[in-house]
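Content type PDB, C-alpha atoms, pLDDT in the B column, from the file upload-v8.pdb:
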ATOM      1  CA  MET A   6       7.228  -8.877  22.035  1.00 75.00           C
ATOM      2  CA  LYS A   7       6.294 -12.489  21.320  1.00 84.00           C
ATOM      3  CA  GLN A   8       3.130 -13.869  22.851  1.00 90.00           C
ATOM      4  CA  VAL A   9       2.619 -17.567  23.525  1.00 91.00           C
ATOM      5  CA  LEU A  10      -0.180 -19.177  21.566  1.00 91.00           C
ATOM      6  CA  GLY A  11       0.408 -22.925  21.980  1.00 90.00           C
ATOM      7  CA  VAL A  12       2.198 -24.828  24.734  1.00 89.00           C
ATOM      8  CA  LYS A  13       3.578 -28.357  24.845  1.00 88.00           C
ATOM      9  CA  SER A  14       1.190 -30.943  26.221  1.00 85.00           C
ATOM     10  CA  SER A  15       2.263 -33.210  29.022  1.00 81.00           C
ATOM     11  CA  GLY A  16      -0.407 -35.781  28.131  1.00 73.00           C
ATOM     12  CA  ASN A  17       1.827 -37.691  25.753  1.00 74.00           C
ATOM     13  CA  ILE A  18       4.552 -37.981  28.380  1.00 82.00           C
ATOM     14  CA  GLY A  19       1.931 -39.084  30.896  1.00 82.00           C
ATOM     15  CA  ASN A  20       0.784 -41.868  28.587  1.00 81.00           C
ATOM     16  CA  ASP A  21       4.388 -42.981  28.069  1.00 87.00           C
ATOM     17  CA  VAL A  22       5.088 -43.025  31.821  1.00 90.00           C
ATOM     18  CA  PHE A  23       1.924 -45.064  32.432  1.00 91.00           C
ATOM     19  CA  ALA A  24       2.935 -47.587  29.737  1.00 90.00           C
ATOM     20  CA  LEU A  25       6.469 -47.687  31.167  1.00 91.00           C
ATOM     21  CA  ILE A  26       5.109 -48.553  34.626  1.00 92.00           C
ATOM     22  CA  ILE A  27       2.895 -51.318  33.233  1.00 91.00           C
ATOM     23  CA  LEU A  28       5.740 -52.786  31.155  1.00 89.00           C
ATOM     24  CA  GLY A  29       8.088 -52.510  34.136  1.00 87.00           C
ATOM     25  CA  LEU A  30       5.629 -54.513  36.241  1.00 89.00           C
ATOM     26  CA  LEU A  31       5.302 -57.088  33.466  1.00 84.00           C
ATOM     27  CA  GLY A  32       9.087 -57.335  33.208  1.00 82.00           C
ATOM     28  CA  GLY A  33       9.313 -57.760  36.989  1.00 83.00           C
ATOM     29  CA  VAL A  34       6.774 -60.575  36.904  1.00 81.00           C
ATOM     30  CA  LEU A  35       8.728 -62.272  34.112  1.00 77.00           C
ATOM     31  CA  LEU A  36      11.945 -62.050  36.143  1.00 77.00           C
ATOM     32  CA  TYR A  37      10.185 -63.277  39.285  1.00 78.00           C
ATOM     33  CA  LEU A  38       8.781 -66.349  37.534  1.00 73.00           C
ATOM     34  CA  LYS A  39      12.234 -67.376  36.250  1.00 70.00           C
ATOM     35  CA  GLY A  40      10.718 -69.806  33.779  1.00 66.00           C
ATOM     36  CA  ASP A  41      12.646 -71.864  31.313  1.00 66.00           C
ATOM     37  CA  TYR A  42      11.028 -69.785  28.558  1.00 66.00           C
ATOM     38  CA  SER A  43      10.102 -72.879  26.591  1.00 69.00           C
ATOM     39  CA  ASP A  44       6.738 -71.329  25.782  1.00 74.00           C
ATOM     40  CA  GLU A  45       6.880 -69.128  22.671  1.00 78.00           C
ATOM     41  CA  THR A  46       4.811 -66.397  24.336  1.00 74.00           C
ATOM     42  CA  GLN A  47       7.246 -66.143  27.242  1.00 74.00           C
ATOM     43  CA  ARG A  48      10.199 -65.939  24.876  1.00 76.00           C
ATOM     44  CA  LEU A  49       8.546 -63.148  22.890  1.00 81.00           C
ATOM     45  CA  LEU A  50       7.741 -61.237  26.080  1.00 78.00           C
ATOM     46  CA  VAL A  51      11.317 -61.561  27.329  1.00 79.00           C
ATOM     47  CA  ILE A  52      12.573 -60.192  24.010  1.00 83.00           C
ATOM     48  CA  PHE A  53      10.065 -57.421  23.364  1.00 87.00           C
ATOM     49  CA  VAL A  54       9.370 -56.003  26.858  1.00 85.00           C
ATOM     50  CA  PRO A  55      12.917 -54.577  27.232  1.00 87.00           C
ATOM     51  CA  ILE A  56      12.754 -53.213  23.668  1.00 91.00           C
ATOM     52  CA  PHE A  57       9.463 -51.415  24.390  1.00 91.00           C
ATOM     53  CA  ILE A  58      10.808 -50.119  27.715  1.00 90.00           C
ATOM     54  CA  LEU A  59      13.856 -48.688  25.931  1.00 92.00           C
ATOM     55  CA  TYR A  60      11.633 -47.129  23.244  1.00 92.00           C
ATOM     56  CA  LEU A  61       9.435 -45.464  25.893  1.00 91.00           C
ATOM     57  CA  ILE A  62      12.436 -44.090  27.771  1.00 91.00           C
ATOM     58  CA  ILE A  63      13.845 -42.597  24.551  1.00 92.00           C
ATOM     59  CA  ASP A  64      10.422 -41.131  23.658  1.00 89.00           C
ATOM     60  CA  ILE A  65      10.090 -39.535  27.112  1.00 89.00           C
ATOM     61  CA  ILE A  66      13.554 -37.960  26.763  1.00 90.00           C
ATOM     62  CA  ILE A  67      12.730 -36.615  23.276  1.00 87.00           C
ATOM     63  CA  GLN A  68       9.374 -35.215  24.423  1.00 85.00           C
ATOM     64  CA  SER A  69      10.928 -33.532  27.457  1.00 86.00           C
ATOM     65  CA  LYS A  70      13.524 -31.761  25.269  1.00 87.00           C
ATOM     66  CA  LYS A  71      10.826 -29.965  23.263  1.00 85.00           C
ATOM     67  CA  PRO A  72      10.353 -26.302  24.190  1.00 87.00           C
ATOM     68  CA  SER A  73       7.394 -25.531  26.437  1.00 88.00           C
ATOM     69  CA  SER A  74       6.212 -22.629  24.243  1.00 90.00           C
ATOM     70  CA  MET A  75       5.766 -24.324  20.888  1.00 92.00           C
ATOM     71  CA  ILE A  76       3.787 -21.650  19.017  1.00 93.00           C
ATOM     72  CA  THR A  77       4.400 -17.940  19.527  1.00 94.00           C
ATOM     73  CA  TYR A  78       3.544 -14.853  17.507  1.00 93.00           C
ATOM     74  CA  ASP A  79       4.208 -11.141  17.277  1.00 90.00           C
ATOM     75  CA  GLY A  80       2.382  -8.574  15.182  1.00 82.00           C
ATOM     76  CA  ASN A  81       3.621  -9.888  11.835  1.00 87.00           C
ATOM     77  CA  ASN A  82       4.873 -13.462  12.158  1.00 91.00           C
ATOM     78  CA  LEU A  83       3.990 -16.824  13.630  1.00 93.00           C
ATOM     79  CA  TYR A  84       6.870 -18.842  15.103  1.00 95.00           C
ATOM     80  CA  LEU A  85       6.834 -22.640  15.340  1.00 94.00           C
ATOM     81  CA  HIS A  86       9.443 -23.812  17.856  1.00 93.00           C
ATOM     82  CA  TYR A  87      10.600 -27.347  17.163  1.00 91.00           C
ATOM     83  CA  THR A  88      13.266 -29.177  19.181  1.00 88.00           C
ATOM     84  CA  LYS A  89      16.245 -27.912  17.168  1.00 89.00           C
ATOM     85  CA  ARG A  90      14.848 -25.200  14.887  1.00 92.00           C
ATOM     86  CA  THR A  91      12.281 -22.427  14.647  1.00 92.00           C
ATOM     87  CA  GLU A  92      10.112 -21.812  11.590  1.00 92.00           C
ATOM     88  CA  THR A  93       8.916 -18.261  10.902  1.00 93.00           C
ATOM     89  CA  ILE A  94       5.652 -17.864   8.994  1.00 94.00           C
ATOM     90  CA  PRO A  95       4.304 -14.432   8.004  1.00 92.00           C
ATOM     91  CA  LEU A  96       0.704 -14.099   9.207  1.00 90.00           C
ATOM     92  CA  ASP A  97      -0.483 -12.848   5.818  1.00 89.00           C
ATOM     93  CA  GLN A  98       0.764 -16.086   4.178  1.00 92.00           C
ATOM     94  CA  ILE A  99      -1.432 -18.366   6.343  1.00 93.00           C
ATOM     95  CA  THR A 100      -4.547 -19.594   4.540  1.00 93.00           C
ATOM     96  CA  SER A 101      -5.943 -22.082   7.074  1.00 93.00           C
ATOM     97  CA  ALA A 102      -5.120 -24.239  10.070  1.00 94.00           C
ATOM     98  CA  ILE A 103      -6.565 -27.614  11.008  1.00 95.00           C
ATOM     99  CA  PRO A 104      -6.400 -29.210  14.480  1.00 94.00           C
ATOM    100  CA  ARG A 105      -5.833 -32.958  14.741  1.00 93.00           C
ATOM    101  CA  ARG A 106      -6.586 -34.286  18.217  1.00 90.00           C
ATOM    102  CA  THR A 107      -4.796 -37.380  19.442  1.00 86.00           C
ATOM    103  CA  HIS A 108      -7.083 -40.320  20.040  1.00 85.00           C
ATOM    104  CA  SER A 109      -6.972 -43.953  20.972  1.00 81.00           C
ATOM    105  CA  ARG A 110      -9.649 -46.603  20.750  1.00 82.00           C
ATOM    106  CA  MET A 111     -11.798 -45.308  23.573  1.00 83.00           C
ATOM    107  CA  MET A 112     -10.365 -41.859  24.301  1.00 84.00           C
ATOM    108  CA  ASN A 113     -10.192 -38.494  22.596  1.00 84.00           C
ATOM    109  CA  TYR A 114      -7.495 -36.320  24.087  1.00 84.00           C
ATOM    110  CA  SER A 115      -7.422 -32.523  24.102  1.00 86.00           C
ATOM    111  CA  PHE A 116      -3.848 -32.445  22.806  1.00 88.00           C
ATOM    112  CA  GLY A 117      -2.680 -33.103  19.275  1.00 90.00           C
ATOM    113  CA  LYS A 118      -1.046 -31.488  16.280  1.00 92.00           C
ATOM    114  CA  ILE A 119      -1.852 -28.483  14.134  1.00 94.00           C
ATOM    115  CA  ILE A 120      -1.454 -28.423  10.376  1.00 96.00           C
ATOM    116  CA  ILE A 121      -0.926 -24.879   9.105  1.00 95.00           C
ATOM    117  CA  TYR A 122      -1.494 -24.282   5.388  1.00 95.00           C
ATOM    118  CA  THR A 123       0.264 -21.339   3.764  1.00 94.00           C
ATOM    119  CA  LEU A 124       0.641 -20.042   0.241  1.00 91.00           C
ATOM    120  CA  ASN A 125       4.047 -21.776   0.100  1.00 88.00           C
ATOM    121  CA  GLY A 126       3.174 -25.164   1.625  1.00 92.00           C
ATOM    122  CA  GLU A 127       2.165 -26.685   4.919  1.00 94.00           C
ATOM    123  CA  PHE A 128       3.684 -26.881   8.396  1.00 95.00           C
ATOM    124  CA  ARG A 129       2.932 -29.444  11.081  1.00 95.00           C
ATOM    125  CA  ILE A 130       3.633 -29.042  14.758  1.00 93.00           C
ATOM    126  CA  GLY A 131       2.610 -31.659  17.264  1.00 84.00           C
ATOM    127  CA  VAL A 132       1.727 -32.384  20.843  1.00 86.00           C
ATOM    128  CA  ILE A 133       0.045 -29.033  21.485  1.00 91.00           C
ATOM    129  CA  SER A 134      -2.186 -28.721  24.545  1.00 91.00           C
ATOM    130  CA  ASN A 135      -5.847 -27.747  23.869  1.00 92.00           C
ATOM    131  CA  VAL A 136      -5.216 -28.026  20.148  1.00 92.00           C
ATOM    132  CA  GLU A 137      -8.682 -26.932  18.992  1.00 93.00           C
ATOM    133  CA  SER A 138      -8.767 -23.701  21.006  1.00 94.00           C
ATOM    134  CA  VAL A 139      -5.204 -22.870  19.888  1.00 94.00           C
ATOM    135  CA  CYS A 140      -6.225 -23.373  16.265  1.00 94.00           C
ATOM    136  CA  VAL A 141      -9.294 -21.120  16.648  1.00 94.00           C
ATOM    137  CA  GLU A 142      -7.179 -18.433  18.325  1.00 94.00           C
ATOM    138  CA  LEU A 143      -4.563 -18.720  15.575  1.00 93.00           C
ATOM    139  CA  MET A 144      -7.153 -18.181  12.856  1.00 93.00           C
ATOM    140  CA  ASN A 145      -8.599 -15.195  14.775  1.00 93.00           C
ATOM    141  CA  ILE A 146      -5.123 -13.637  14.897  1.00 92.00           C
ATOM    142  CA  VAL A 147      -4.654 -14.277  11.157  1.00 91.00           C
ATOM    143  CA  ARG A 148      -8.057 -12.749  10.368  1.00 91.00           C
ATOM    144  CA  LYS A 149      -7.319  -9.659  12.459  1.00 89.00           C
ATOM    145  CA  SER A 150      -3.903  -9.219  10.848  1.00 86.00           C
ATOM    146  CA  LYS A 151      -5.461  -9.322   7.369  1.00 82.00           C
ATOM    147  CA  GLU A 152      -8.126  -6.780   8.342  1.00 82.00           C
ATOM    148  CA  LYS A 153      -5.530  -4.292   9.551  1.00 70.00           C
ATOM    149  CA  PRO A 154      -5.297  -1.283   7.231  1.00 65.00           C
ATOM    150  CA  ALA A 155      -1.957  -0.898   5.496  1.00 57.00           C
ATOM    151  CA  ILE A 156       0.168   1.959   6.849  1.00 59.00           C
ATOM    152  CA  GLU A 157       1.104   4.359   4.081  1.00 51.00           C
TER     153      GLU A 157
END

Turn this file's structure into structure tokens for me.
Amino acid sequence: MKQVLGVKSSGNIGNDVFALIILGLLGGVLLYLKGDYSDETQRLLVIFVPIFILYLIIDIIIQSKKPSSMITYDGNNLYLHYTKRTETIPLDQITSAIPRRTHSRMMNYSFGKIIIYTLNGEFRIGVISNVESVCVELMNIVRKSKEKPAIE
């Protein structure tokens, strides 16, 4: 039976929704002013605000299509669930895992991505909630699986 190790964070979607609201208000103000757009700044805003709004809507749709259980494991394998595929990694092949928290200028968020190093390469999976605790738990599971005596 697979157990869930890492879940999708809703923080990234929350940031996108907040930015969408702010840009929507800015777009509403631009429409309300109904200027002649002779100022270069106004022209740039009229061009780029709808583009950014469209980008945020597409990003929200893509983020919402990701599975809620992004990292699962059973006794032998770790499973990374991406939007359209699932990677299977044997636990004995994992050498290390590094958490990378998402940050902005003034904020450090608890969500981020995990980089998993194996004997065959590296795997990255992003927007994991509580990324540091998931990474510690992952390495504990790997350590316990390597300490298990081999069944003869």

The PyMOL selection byres ((chain A and resi 31) around 12) applied to the shown file, residues as a PyMOL selection string: chain A and resi 24-30+32-38+47+50-51+53-55+57-58

Convert the current residue selection to file output with C-alpha atoms, as a short mmCIF file (atom, residue, chain, number, x, y, z; two decimals), keeping the file's coordinate frame.
data_model
loop_
_atom_site.label_atom_id
_atom_site.label_comp_id
_atom_site.auth_asym_id
_atom_site.auth_seq_id
_atom_site.Cartn_x
_atom_site.Cartn_y
_atom_site.Cartn_z
CA ALA A 24 2.94 -47.59 29.74
CA LEU A 25 6.47 -47.69 31.17
CA ILE A 26 5.11 -48.55 34.63
CA ILE A 27 2.90 -51.32 33.23
CA LEU A 28 5.74 -52.79 31.16
CA GLY A 29 8.09 -52.51 34.14
CA LEU A 30 5.63 -54.51 36.24
CA GLY A 32 9.09 -57.34 33.21
CA GLY A 33 9.31 -57.76 36.99
CA VAL A 34 6.77 -60.58 36.90
CA LEU A 35 8.73 -62.27 34.11
CA LEU A 36 11.94 -62.05 36.14
CA TYR A 37 10.18 -63.28 39.28
CA LEU A 38 8.78 -66.35 37.53
CA GLN A 47 7.25 -66.14 27.24
CA LEU A 50 7.74 -61.24 26.08
CA VAL A 51 11.32 -61.56 27.33
CA PHE A 53 10.06 -57.42 23.36
CA VAL A 54 9.37 -56.00 26.86
CA PRO A 55 12.92 -54.58 27.23
CA PHE A 57 9.46 -51.42 24.39
CA ILE A 58 10.81 -50.12 27.72
#

Proximity to Gln98 (chain A) - best of A:Leu10, A:Met144, A:Ile133, A:Ile66, all atoms listed in the file: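 Nearest candidate to Gln98 (chain A) out of A:Leu10, A:Met144, A:Ile133, A:Ile66: A:Met144.
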
Sphere at (6.9, -37.1, 27.3), radius 9 Å, counting all atoms listed in the file: residues as a PyMOL selection string: chain A and resi 14-22+61-62+64-70

All residues 7 Å or closer to region 99-109 of chain A, only C-alpha atoms, same chain fewer than 2 positions away omitted, as a PDB file with C-alpha atoms, keeping the file's coordinate frame:
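The resulting file, out-v1.pdb, is shown below:
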ATOM      1  CA  LEU A  96       0.704 -14.099   9.207  1.00 90.00           C
ATOM      2  CA  ASP A  97      -0.483 -12.848   5.818  1.00 89.00           C
ATOM      3  CA  MET A 111     -11.798 -45.308  23.573  1.00 83.00           C
ATOM      4  CA  MET A 112     -10.365 -41.859  24.301  1.00 84.00           C
ATOM      5  CA  ASN A 113     -10.192 -38.494  22.596  1.00 84.00           C
ATOM      6  CA  TYR A 114      -7.495 -36.320  24.087  1.00 84.00           C
ATOM      7  CA  SER A 115      -7.422 -32.523  24.102  1.00 86.00           C
ATOM      8  CA  PHE A 116      -3.848 -32.445  22.806  1.00 88.00           C
ATOM      9  CA  GLY A 117      -2.680 -33.103  19.275  1.00 90.00           C
ATOM     10  CA  LYS A 118      -1.046 -31.488  16.280  1.00 92.00           C
ATOM     11  CA  ILE A 119      -1.852 -28.483  14.134  1.00 94.00           C
ATOM     12  CA  ILE A 120      -1.454 -28.423  10.376  1.00 96.00           C
ATOM     13  CA  ILE A 121      -0.926 -24.879   9.105  1.00 95.00           C
ATOM     14  CA  TYR A 122      -1.494 -24.282   5.388  1.00 95.00           C
ATOM     15  CA  THR A 123       0.264 -21.339   3.764  1.00 94.00           C
ATOM     16  CA  LEU A 124       0.641 -20.042   0.241  1.00 91.00           C
ATOM     17  CA  VAL A 136      -5.216 -28.026  20.148  1.00 92.00           C
ATOM     18  CA  GLU A 137      -8.682 -26.932  18.992  1.00 93.00           C
ATOM     19  CA  CYS A 140      -6.225 -23.373  16.265  1.00 94.00           C
ATOM     20  CA  MET A 144      -7.153 -18.181  12.856  1.00 93.00           C
TER      21      MET A 144
END

Atomic distance CA of His86 (chain A) - CA of Ile130 (chain A), expressed in Å with one decimal: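 Calculated distance between CA of His86 (chain A) and CA of Ile130 (chain A) is 8.4 Å.
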
Distance query 9 Å from (5.2, -21.7, 14.5) using only C-alpha atoms, result as an MDAnalysis selection string: chainID A and resid 11 75:78 82:87 91:94 121 128:130
